[in-house]
Amino acid sequence: MNLKEINLLFQRDLSKLEEELRAYQNEAQLWMVSQGISNSAGNLALHLFGNLRHFIGLDLGGIAYERNREREFAHKGEPREALLQELSEVKGVVEQSLLNLHPDRLGDMSLHAFFGHPMTIGYFLIHLYGHFNYHLGQINYHRRLLDQ
């Protein structure tokens, strides 16, 4: 596993998130939910920002951050430009944290054991990447449903 490549994947898909947020024809739709959809694209973006800032920025990069999960799922109506500004900041946090992480640390045990067993930092990074892309796909689908 190569931290430069992991960073490139995160950067690529953070840029894809930016494209998705910009692609909403009506900015208000970023915060809409529809039948059977419990989270808006705006809330999913805030959740991804909090997740990456906490688990990569704080835990691996030592970049101060206090997570507010309530904001991630309850906050509504933030302007698109504010989301894009925060996205830009998150890109920097992820890049700085991953590129400054010593490669030998990938085999170290993660601070977290969410799945009922200990895991390495490398394993946890792969999990975080999958989690990011799961929600990125939801945002893409959300946008296409609402932009019909």
# chains A, B, ... in the order shown; residues from 1 in each chain; ligands from 1
$ residues_around --residues "Met109 (chain A)" --least-positions-apart "4" --cutoff "6 Å" --atoms "only C-alpha atoms" --output "MDAnalysis selection string"
chainID A and resid 119:121
$ closest_atom_pairs --of "region 38-77 of chain A" --to "region 88-94 of chain A" --cutoff "12 Å" --atoms "only C-alpha atoms" --output "Markdown table"
| residue | atom | partner | partner_atom | distance |
| --- | --- | --- | --- | --- |
| A:Ala45 | CA | A:Val90 | CA | 10.9 |
| A:Leu46 | CA | A:Val90 | CA | 10.5 |
| A:His47 | CA | A:Val90 | CA | 11.7 |
| A:Leu48 | CA | A:Val90 | CA | 9.3 |
| A:Phe49 | CA | A:Val90 | CA | 6.3 |
| A:Gly50 | CA | A:Val90 | CA | 8.8 |
| A:Asn51 | CA | A:Val90 | CA | 10.0 |
| A:Leu52 | CA | A:Val94 | CA | 7.0 |
| A:Arg53 | CA | A:Val90 | CA | 6.6 |
| A:His54 | CA | A:Val93 | CA | 10.0 |
| A:Phe55 | CA | A:Val94 | CA | 9.6 |
| A:Ile56 | CA | A:Val94 | CA | 6.3 |
| A:Gly57 | CA | A:Val93 | CA | 5.6 |
| A:Leu58 | CA | A:Val93 | CA | 9.0 |
| A:Asp59 | CA | A:Val94 | CA | 11.1 |
| A:Leu60 | CA | A:Val94 | CA | 9.3 |
| A:Gly61 | CA | A:Val93 | CA | 7.9 |
| A:Gly62 | CA | A:Val93 | CA | 9.9 |
| A:Ile63 | CA | A:Val93 | CA | 7.6 |
| A:Ala64 | CA | A:Val93 | CA | 10.2 |
| A:Tyr65 | CA | A:Val93 | CA | 10.5 |
$ atom_distance --atom1 "CA of Asn26 (chain A)" --atom2 "CA of Ala41 (chain A)"
12.3 Å
$ closest_residue --among "A:Gln11, A:Gln25, A:Ser97, A:Asn2" --to "Gln148 (chain A)" --atoms "only C-alpha atoms"
A:Gln25
$ atom_distance --atom1 "CA of Asn7 (chain A)" --atom2 "CA of Gln96 (chain A)"
9.2 Å
$ closest_atom_pairs --of "region 12-120 of chain A" --to "region 143-147 of chain A" --cutoff "12 Å" --atoms "only C-alpha atoms" --output "CSV"
residue,atom,partner,partner_atom,distance
A:Leu17,CA,A:Arg143,CA,11.5
A:Glu19,CA,A:Arg143,CA,11.2
A:Glu20,CA,A:Arg143,CA,7.6
A:Leu21,CA,A:Arg143,CA,8.5
A:Arg22,CA,A:Arg143,CA,10.3
A:Ala23,CA,A:Arg143,CA,7.8
A:Tyr24,CA,A:Arg143,CA,6.2
A:Gln25,CA,A:Asp147,CA,6.7
A:Asn26,CA,A:Asp147,CA,8.0
A:Glu27,CA,A:Arg143,CA,10.5
A:Ala28,CA,A:Leu146,CA,10.6
A:Gln29,CA,A:Leu146,CA,7.0
A:Leu30,CA,A:Arg143,CA,7.8
A:Trp31,CA,A:Arg143,CA,10.6
A:Met32,CA,A:Leu146,CA,8.5
A:Val33,CA,A:Leu146,CA,9.1
A:Ser34,CA,A:Leu146,CA,8.4
A:Gln35,CA,A:Leu145,CA,11.0
A:Gly36,CA,A:Leu145,CA,11.9
A:Ile37,CA,A:Leu145,CA,10.6
A:Ser40,CA,A:Arg143,CA,9.5
A:Ala41,CA,A:Arg143,CA,7.7
A:Gly42,CA,A:Arg143,CA,10.7
$ atom_distance --atom1 "CA of Asn43 (chain A)" --atom2 "CA of Phe73 (chain A)"
5.3 Å
$ closest_residue --among "A:Ile6, A:Gly77, A:Ser38, A:Lys16" --to "His127 (chain A)" --atoms "only C-alpha atoms"
A:Ile6
$ residues_around --residues "Gly130 (chain A)" --least-positions-apart "6" --cutoff "12 Å" --atoms "only C-alpha atoms" --output "JSON list (two decimals) with N, CA, C and O atoms, in the first residue's frame"
[["chain", "number", "residue", "atom", "x", "y", "z"],
["A", 6, "ILE", "N", -2.97, 6.32, -2.22],
["A", 6, "ILE", "CA", -4.21, 6.46, -1.44],
["A", 6, "ILE", "C", -4.66, 7.92, -1.45],
["A", 6, "ILE", "O", -5.84, 8.22, -1.63],
["A", 9, "LEU", "N", -6.25, 8.80, -4.75],
["A", 9, "LEU", "CA", -7.62, 8.30, -4.85],
["A", 9, "LEU", "C", -8.59, 9.20, -4.08],
["A", 9, "LEU", "O", -9.66, 9.55, -4.59],
["A", 10, "PHE", "N", -8.22, 9.56, -2.86],
["A", 10, "PHE", "CA", -9.09, 10.46, -2.09],
["A", 10, "PHE", "C", -9.23, 11.81, -2.80],
["A", 10, "PHE", "O", -10.33, 12.36, -2.90],
["A", 13, "ASP", "N", -11.56, 11.58, -5.80],
["A", 13, "ASP", "CA", -12.97, 11.44, -5.48],
["A", 13, "ASP", "C", -13.52, 12.62, -4.69],
["A", 13, "ASP", "O", -14.71, 12.91, -4.77],
["A", 48, "LEU", "N", -19.34, 13.42, 5.31],
["A", 48, "LEU", "CA", -18.04, 13.03, 4.75],
["A", 48, "LEU", "C", -16.94, 13.95, 5.23],
["A", 48, "LEU", "O", -15.84, 13.50, 5.57],
["A", 123, "TYR", "N", -5.82, -0.99, 6.81],
["A", 123, "TYR", "CA", -7.16, -1.58, 6.66],
["A", 123, "TYR", "C", -8.21, -0.50, 6.87],
["A", 123, "TYR", "O", -9.17, -0.39, 6.10],
["A", 124, "PHE", "N", -8.03, 0.32, 7.90],
["A", 124, "PHE", "CA", -9.00, 1.36, 8.21],
["A", 124, "PHE", "C", -9.06, 2.40, 7.10],
["A", 124, "PHE", "O", -10.15, 2.89, 6.75],
["A", 136, "LEU", "N", -20.67, 9.04, -1.81],
["A", 136, "LEU", "CA", -20.53, 9.76, -3.07],
["A", 136, "LEU", "C", -21.53, 9.22, -4.09],
["A", 136, "LEU", "O", -22.19, 9.99, -4.80],
["A", 137, "GLY", "N", -21.68, 7.92, -4.14],
["A", 137, "GLY", "CA", -22.66, 7.31, -5.03],
["A", 137, "GLY", "C", -24.08, 7.70, -4.66],
["A", 137, "GLY", "O", -24.92, 7.94, -5.54]]
$ closest_residue --among "A:Leu98, A:Tyr134, A:Leu87, A:Leu106" --to "Gly122 (chain A)" --atoms "only C-alpha atoms"
A:Leu106
$ select_by_dssp --residues "chain A" --states "alpha helix (DSSP H)" --output "ChimeraX atom specification"
/A:3-23,41-52,69-74,80-100,121-146
$ decode --residues "region 32-47 of chain A" --atoms "N, CA and C atoms" --output "short mmCIF file (atom, residue, chain, number, x, y, z; two decimals), in the first residue's frame"
data_model
loop_
_atom_site.label_atom_id
_atom_site.label_comp_id
_atom_site.auth_asym_id
_atom_site.auth_seq_id
_atom_site.Cartn_x
_atom_site.Cartn_y
_atom_site.Cartn_z
N MET A 32 -32.69 18.81 -0.03
CA MET A 32 -33.98 18.13 -0.11
C MET A 32 -33.85 16.65 0.16
N VAL A 33 -34.90 16.11 0.76
CA VAL A 33 -35.04 14.67 0.87
C VAL A 33 -36.35 14.31 0.18
N SER A 34 -36.41 13.12 -0.32
CA SER A 34 -37.58 12.66 -1.04
C SER A 34 -38.04 11.35 -0.41
N GLN A 35 -39.14 10.88 -0.86
CA GLN A 35 -39.70 9.63 -0.34
C GLN A 35 -38.65 8.53 -0.32
N GLY A 36 -38.44 7.95 0.85
CA GLY A 36 -37.49 6.86 0.99
C GLY A 36 -36.03 7.28 1.08
N ILE A 37 -35.76 8.58 1.04
CA ILE A 37 -34.39 9.09 1.15
C ILE A 37 -34.30 9.86 2.46
N SER A 38 -33.42 9.43 3.35
CA SER A 38 -33.39 10.05 4.67
C SER A 38 -32.35 11.16 4.80
N ASN A 39 -31.35 11.18 3.92
CA ASN A 39 -30.30 12.20 4.03
C ASN A 39 -30.18 12.98 2.73
N SER A 40 -30.06 14.28 2.86
CA SER A 40 -29.84 15.13 1.69
C SER A 40 -28.37 15.05 1.26
N ALA A 41 -28.11 15.51 0.05
CA ALA A 41 -26.72 15.56 -0.43
C ALA A 41 -25.88 16.49 0.44
N GLY A 42 -26.47 17.59 0.88
CA GLY A 42 -25.75 18.51 1.75
C GLY A 42 -25.35 17.85 3.05
N ASN A 43 -26.27 17.10 3.65
CA ASN A 43 -25.94 16.42 4.90
C ASN A 43 -24.93 15.31 4.69
N LEU A 44 -25.03 14.59 3.57
CA LEU A 44 -24.03 13.56 3.29
C LEU A 44 -22.65 14.19 3.09
N ALA A 45 -22.59 15.34 2.43
CA ALA A 45 -21.31 16.03 2.26
C ALA A 45 -20.74 16.44 3.61
N LEU A 46 -21.58 17.02 4.47
CA LEU A 46 -21.11 17.41 5.81
C LEU A 46 -20.62 16.19 6.58
N HIS A 47 -21.32 15.07 6.44
CA HIS A 47 -20.91 13.83 7.11
C HIS A 47 -19.54 13.36 6.60
#
